[in-house]
file upload_13.cif (mmCIF, C-alpha atoms and all ligand atoms)
data_query
#
loop_
_atom_site.group_PDB
_atom_site.id
_atom_site.type_symbol
_atom_site.label_atom_id
_atom_site.label_comp_id
_atom_site.auth_asym_id
_atom_site.auth_seq_id
_atom_site.Cartn_x
_atom_site.Cartn_y
_atom_site.Cartn_z
ATOM 1 C CA MET Z 1 -1.425 8.682 4.307
ATOM 2 C CA ASN Z 2 -0.153 7.767 7.743
ATOM 3 C CA ASP Z 3 3.018 5.922 6.779
ATOM 4 C CA PRO Z 4 5.275 5.933 3.724
ATOM 5 C CA LEU Z 5 4.963 2.158 3.629
ATOM 6 C CA GLN Z 6 2.045 1.809 1.227
ATOM 7 C CA LYS Z 7 2.068 -1.859 0.422
ATOM 8 C CA GLU Z 8 3.936 -4.599 2.188
ATOM 9 C CA ALA Z 9 5.639 -7.277 0.185
ATOM 10 C CA PRO Z 10 3.714 -10.520 0.275
ATOM 11 C CA ASP Z 11 5.194 -13.076 2.598
ATOM 12 C CA ASP Z 12 7.658 -15.485 1.120
ATOM 13 C CA ALA Z 13 6.667 -18.954 0.033
ATOM 14 C CA PRO Z 14 3.732 -20.506 1.876
ATOM 15 C CA GLY Z 15 4.875 -22.120 5.085
ATOM 16 C CA SER Z 16 7.809 -19.760 5.448
ATOM 17 C CA LYS Z 17 8.501 -18.622 8.952
ATOM 18 C CA ALA Z 18 8.525 -14.948 8.155
ATOM 19 C CA GLN Z 19 9.192 -12.990 11.311
ATOM 20 C CA PRO Z 20 6.701 -10.320 12.311
ATOM 21 C CA ARG Z 21 7.900 -6.893 11.349
ATOM 22 C CA GLN Z 22 9.608 -4.897 14.007
ATOM 23 C CA ARG Z 23 7.876 -1.638 14.821
ATOM 24 C CA TYR Z 24 9.575 1.674 15.384
ATOM 25 C CA VAL Z 25 8.612 4.821 17.208
ATOM 26 C CA LEU Z 26 9.415 7.801 15.041
ATOM 27 C CA ASP Z 27 10.417 11.207 16.329
ATOM 28 C CA ASP Z 28 10.101 14.513 14.542
ATOM 29 C CA THR Z 29 13.392 14.934 12.705
ATOM 30 C CA GLY Z 30 12.926 18.610 11.982
ATOM 31 C CA PHE Z 31 12.569 17.804 8.313
ATOM 32 C CA ASN Z 32 10.641 20.815 7.113
ATOM 33 C CA GLU Z 33 9.959 20.060 3.458
ATOM 34 C CA VAL Z 34 6.684 18.289 4.186
ATOM 35 C CA PRO Z 35 3.695 19.238 6.383
ATOM 36 C CA LYS Z 36 4.410 18.946 10.103
ATOM 37 C CA LYS Z 37 2.388 15.783 10.649
ATOM 38 C CA TYR Z 38 4.554 13.943 8.121
ATOM 39 C CA ARG Z 39 7.938 15.217 9.262
ATOM 40 C CA LYS Z 40 8.729 12.164 11.345
ATOM 41 C CA PHE Z 41 8.577 10.009 8.218
ATOM 42 C CA TYR Z 42 11.484 11.740 6.517
ATOM 43 C CA ARG Z 43 14.926 13.001 7.351
ATOM 44 C CA LYS Z 44 17.919 14.426 5.577
ATOM 45 C CA PHE Z 45 20.569 11.929 4.571
ATOM 46 C CA GLY Z 46 23.842 12.432 6.409
ATOM 47 C CA GLY Z 47 26.082 11.281 3.573
ATOM 48 C CA PRO Z 48 28.197 8.163 3.092
ATOM 49 C CA GLY Z 49 28.805 7.754 6.837
ATOM 50 C CA ASP Z 50 25.091 7.723 7.579
ATOM 51 C CA THR Z 51 23.743 4.324 8.571
ATOM 52 C CA LEU Z 52 20.171 3.534 7.712
ATOM 53 C CA ALA Z 53 17.986 1.689 10.201
ATOM 54 C CA PRO Z 54 15.933 -1.342 9.102
ATOM 55 C CA ASN Z 55 12.903 0.928 8.815
ATOM 56 C CA GLU Z 56 14.668 3.465 6.621
ATOM 57 C CA VAL Z 57 15.459 3.639 2.941
ATOM 58 C CA LEU Z 58 17.094 6.340 0.857
ATOM 59 C CA CYS Z 59 15.054 7.904 -1.921
ATOM 60 C CA PRO Z 60 17.365 7.842 -4.966
ATOM 61 C CA VAL Z 61 15.454 10.690 -6.578
ATOM 62 C CA CYS Z 62 15.746 13.408 -3.940
ATOM 63 C CA MET Z 63 18.259 11.779 -1.532
ATOM 64 C CA VAL Z 64 15.959 12.061 1.443
ATOM 65 C CA VAL Z 65 15.663 9.191 3.928
ATOM 66 C CA VAL Z 66 12.149 7.733 3.996
ATOM 67 C CA ARG Z 67 11.237 6.272 7.400
ATOM 68 C CA SER Z 68 8.465 3.827 8.175
ATOM 69 C CA SER Z 69 6.986 2.864 11.523
ATOM 70 C CA ARG Z 70 7.639 -0.716 10.462
ATOM 71 C CA GLU Z 71 10.703 -2.614 9.360
ATOM 72 C CA LEU Z 72 11.124 -2.507 5.589
ATOM 73 C CA ARG Z 73 11.656 -5.546 3.403
ATOM 74 C CA PRO Z 74 12.460 -6.138 -0.261
ATOM 75 C CA GLY Z 75 9.335 -5.841 -2.394
ATOM 76 C CA ASP Z 76 7.717 -3.201 -0.177
ATOM 77 C CA ARG Z 77 6.321 -0.141 -1.838
ATOM 78 C CA VAL Z 78 6.922 3.190 -0.197
ATOM 79 C CA TYR Z 79 6.001 6.756 -1.037
ATOM 80 C CA CYS Z 80 8.409 9.671 -0.943
ATOM 81 C CA MET Z 81 6.314 12.725 -0.253
ATOM 82 C CA PRO Z 82 9.056 15.351 -0.756
ATOM 83 C CA CYS Z 83 9.443 14.393 -4.425
ATOM 84 C CA PHE Z 84 6.183 12.503 -5.004
ATOM 85 C CA SER Z 85 8.000 9.328 -6.009
ATOM 86 C CA ARG Z 86 6.621 5.860 -5.667
ATOM 87 C CA LEU Z 87 9.429 3.525 -4.739
ATOM 88 C CA ILE Z 88 9.977 -0.188 -4.453
ATOM 89 C CA VAL Z 89 12.390 -1.553 -1.867
ATOM 90 C CA ILE Z 90 15.040 -3.934 -3.137
ATOM 91 C CA GLU Z 91 18.013 -5.624 -1.574
ATOM 92 C CA CYS Z 92 21.372 -4.660 -3.044
ATOM 93 C CA ASN Z 93 24.729 -5.780 -1.633
ATOM 94 C CA GLY Z 94 23.021 -6.844 1.555
ATOM 95 C CA ARG Z 95 21.404 -3.481 2.132
ATOM 96 C CA LEU Z 96 17.983 -2.113 1.400
ATOM 97 C CA GLU Z 97 17.707 0.343 -1.448
ATOM 98 C CA ALA Z 98 14.801 1.945 -3.204
ATOM 99 C CA ARG Z 99 14.080 2.257 -6.896
ATOM 100 C CA PRO Z 100 11.462 4.476 -8.497
ATOM 101 C CA VAL Z 101 8.338 2.810 -9.838
ATOM 102 C CA TYR Z 102 6.745 4.450 -12.854
HETATM 103 ZN ZN ZN Z 201 12.248 11.452 -2.863
#

call {"tool": "encode", "arguments": {"input": "upload_13.cif", "output": "C-alpha cells"}}
result
Amino acid sequence: MNDPLQKEAPDDAPGSKAQPRQRYVLDDTGFNEVPKKYRKFYRKFGGPGDTLAPNEVLCPVCMVVVRSSRELRPGDRVYCMPCFSRLIVIECNGRLEARPVY
C-alpha cells in the first residue's frame, strides 16, 4: 500500500467536467502507531477546532486523520491502517466524512 486512497470514485456522469484531483505533498506527522513509511498518511486529530484539508478525512472508528496524496471525493474508498478499517468517503453538511465499509 502506498496511499490510503485505495479506489477512486468513478467520475460523475459522462461528459462531466470533473476537475483533475489536486495532489499533496505529505510530511511525516510523527504519528507513531503505524510503521515509519506510512506515518505521513496519518495524524492525530486535534479536536473540534481542527480543520481537515481536502486530502484528509477523519476515521470515525479510531478518530485518526487519514491523509492521501490526492484530494478526496465522495465515493472514494480509503484504508485506515491504525484500526484496519475500510472506509468510504461521503459528503455530509458540506464536509467530507468517512463511514466504515463492512
Ligand atoms: Zn481508524

call {"tool": "resolve_selection", "arguments": {"input": "upload_13.cif", "expression": "the PyMOL selection byres (((chain Z and resi 97) around 9) and not hetatm)", "output": "count of residues only"}}
result
14

call {"tool": "residues_near_ligand", "arguments": {"input": "upload_13.cif", "ligand": "ligand ZN 201 (chain Z)", "cutoff": "8 Å", "atoms": "only C-alpha atoms and all ligand atoms", "output": "list in words"}}
result
Leu58, Cys59, Pro60, Val61, Cys62, Met63, Val64, Val65, Val66, Cys80, Met81, Pro82, Cys83, Phe84 and Ser85 of chain Z

call {"tool": "residues_near_point", "arguments": {"input": "upload_13.cif", "point": "(11.4, 0.5, 16.5)", "cutoff": "9 Å", "atoms": "only C-alpha atoms", "output": "list in words"}}
result
Gln22, Arg23, Tyr24, Val25, Leu26, Pro54, Asn55, Ser69, Arg70 and Glu71 of chain Z

call {"tool": "write_last_selection", "arguments": {"input": "upload_13.cif", "atoms": "C-alpha atoms", "output": "mmCIF file, keeping the file's coordinate frame"}}
result
data_model
loop_
_atom_site.group_PDB
_atom_site.id
_atom_site.type_symbol
_atom_site.label_atom_id
_atom_site.label_comp_id
_atom_site.auth_asym_id
_atom_site.auth_seq_id
_atom_site.Cartn_x
_atom_site.Cartn_y
_atom_site.Cartn_z
ATOM 1 C CA GLN Z 22 9.608 -4.897 14.007
ATOM 2 C CA ARG Z 23 7.876 -1.638 14.821
ATOM 3 C CA TYR Z 24 9.575 1.674 15.384
ATOM 4 C CA VAL Z 25 8.612 4.821 17.208
ATOM 5 C CA LEU Z 26 9.415 7.801 15.041
ATOM 6 C CA PRO Z 54 15.933 -1.342 9.102
ATOM 7 C CA ASN Z 55 12.903 0.928 8.815
ATOM 8 C CA SER Z 69 6.986 2.864 11.523
ATOM 9 C CA ARG Z 70 7.639 -0.716 10.462
ATOM 10 C CA GLU Z 71 10.703 -2.614 9.360
#

call {"tool": "atom_distance", "arguments": {"input": "upload_13.cif", "atom1": "atom CA of Z:Gly30", "atom2": "atom CA of Z:Arg43"}}
result
7.5 Å

call {"tool": "resolve_selection", "arguments": {"input": "upload_13.cif", "expression": "the PyMOL selection byres (((chain Z and resi 36-42) around 8) and not hetatm)", "output": "PyMOL selection string"}}
result
chain Z and resi 2-4+26-35+43-44+64-68

call {"tool": "atom_distance", "arguments": {"input": "upload_13.cif", "atom1": "atom CA of Z:Leu5", "atom2": "atom CA of Z:Arg73"}}
result
10.2 Å

call {"tool": "closest_residue", "arguments": {"input": "upload_13.cif", "among": "Z:Val101, Z:Arg77, Z:Gly46, Z:Asn93", "to": "Z:Glu8", "atoms": "all atoms listed in the file"}}
result
Z:Arg77

call {"tool": "decode", "arguments": {"input": "upload_13.cif", "residues": "stretch 79-97 of chain Z", "atoms": "N, CA and C atoms", "output": "PDB file, in the first residue's frame"}}
result
ATOM      1  N   TYR Z  79      -8.299   3.402   3.294  1.00  0.00           N
ATOM      2  CA  TYR Z  79      -7.962   2.386   4.281  1.00  0.00           C
ATOM      3  C   TYR Z  79      -7.318   3.041   5.481  1.00  0.00           C
ATOM      4  N   CYS Z  80      -7.831   2.734   6.663  1.00  0.00           N
ATOM      5  CA  CYS Z  80      -7.241   3.243   7.893  1.00  0.00           C
ATOM      6  C   CYS Z  80      -6.373   2.148   8.494  1.00  0.00           C
ATOM      7  N   MET Z  81      -5.079   2.309   8.352  1.00  0.00           N
ATOM      8  CA  MET Z  81      -4.170   1.274   8.833  1.00  0.00           C
ATOM      9  C   MET Z  81      -4.159   1.126  10.360  1.00  0.00           C
ATOM     10  N   PRO Z  82      -4.237   2.233  11.120  1.00  0.00           N
ATOM     11  CA  PRO Z  82      -4.177   2.072  12.579  1.00  0.00           C
ATOM     12  C   PRO Z  82      -5.273   1.167  13.140  1.00  0.00           C
ATOM     13  N   CYS Z  83      -6.442   1.139  12.518  1.00  0.00           N
ATOM     14  CA  CYS Z  83      -7.510   0.286  13.057  1.00  0.00           C
ATOM     15  C   CYS Z  83      -8.013  -0.716  12.027  1.00  0.00           C
ATOM     16  N   PHE Z  84      -7.326  -0.807  10.897  1.00  0.00           N
ATOM     17  CA  PHE Z  84      -7.654  -1.797   9.867  1.00  0.00           C
ATOM     18  C   PHE Z  84      -9.065  -1.636   9.308  1.00  0.00           C
ATOM     19  N   SER Z  85      -9.554  -0.405   9.262  1.00  0.00           N
ATOM     20  CA  SER Z  85     -10.906  -0.187   8.757  1.00  0.00           C
ATOM     21  C   SER Z  85     -10.877   0.209   7.285  1.00  0.00           C
ATOM     22  N   ARG Z  86     -11.806  -0.338   6.556  1.00  0.00           N
ATOM     23  CA  ARG Z  86     -12.046   0.129   5.202  1.00  0.00           C
ATOM     24  C   ARG Z  86     -13.162   1.158   5.271  1.00  0.00           C
ATOM     25  N   LEU Z  87     -12.913   2.300   4.661  1.00  0.00           N
ATOM     26  CA  LEU Z  87     -13.842   3.417   4.792  1.00  0.00           C
ATOM     27  C   LEU Z  87     -14.296   3.899   3.424  1.00  0.00           C
ATOM     28  N   ILE Z  88     -15.493   4.454   3.393  1.00  0.00           N
ATOM     29  CA  ILE Z  88     -15.949   5.127   2.184  1.00  0.00           C
ATOM     30  C   ILE Z  88     -16.172   6.595   2.521  1.00  0.00           C
ATOM     31  N   VAL Z  89     -15.732   7.461   1.630  1.00  0.00           N
ATOM     32  CA  VAL Z  89     -15.846   8.901   1.842  1.00  0.00           C
ATOM     33  C   VAL Z  89     -17.225   9.366   1.393  1.00  0.00           C
ATOM     34  N   ILE Z  90     -17.882  10.115   2.245  1.00  0.00           N
ATOM     35  CA  ILE Z  90     -19.182  10.682   1.898  1.00  0.00           C
ATOM     36  C   ILE Z  90     -19.147  12.185   2.168  1.00  0.00           C
ATOM     37  N   GLU Z  91     -20.117  12.880   1.617  1.00  0.00           N
ATOM     38  CA  GLU Z  91     -20.226  14.294   1.908  1.00  0.00           C
ATOM     39  C   GLU Z  91     -21.374  14.481   2.885  1.00  0.00           C
ATOM     40  N   CYS Z  92     -21.107  15.215   3.959  1.00  0.00           N
ATOM     41  CA  CYS Z  92     -22.115  15.417   4.998  1.00  0.00           C
ATOM     42  C   CYS Z  92     -22.023  16.868   5.469  1.00  0.00           C
ATOM     43  N   ASN Z  93     -23.099  17.609   5.327  1.00  0.00           N
ATOM     44  CA  ASN Z  93     -23.105  19.026   5.710  1.00  0.00           C
ATOM     45  C   ASN Z  93     -21.976  19.805   5.036  1.00  0.00           C
ATOM     46  N   GLY Z  94     -21.729  19.469   3.790  1.00  0.00           N
ATOM     47  CA  GLY Z  94     -20.714  20.197   3.041  1.00  0.00           C
ATOM     48  C   GLY Z  94     -19.284  19.828   3.363  1.00  0.00           C
ATOM     49  N   ARG Z  95     -19.116  18.828   4.207  1.00  0.00           N
ATOM     50  CA  ARG Z  95     -17.746  18.395   4.527  1.00  0.00           C
ATOM     51  C   ARG Z  95     -17.588  16.916   4.200  1.00  0.00           C
ATOM     52  N   LEU Z  96     -16.357  16.513   4.033  1.00  0.00           N
ATOM     53  CA  LEU Z  96     -16.102  15.100   3.784  1.00  0.00           C
ATOM     54  C   LEU Z  96     -16.052  14.344   5.102  1.00  0.00           C
ATOM     55  N   GLU Z  97     -16.720  13.201   5.122  1.00  0.00           N
ATOM     56  CA  GLU Z  97     -16.655  12.325   6.276  1.00  0.00           C
ATOM     57  C   GLU Z  97     -16.442  10.918   5.774  1.00  0.00           C
TER      58      GLU Z  97
END
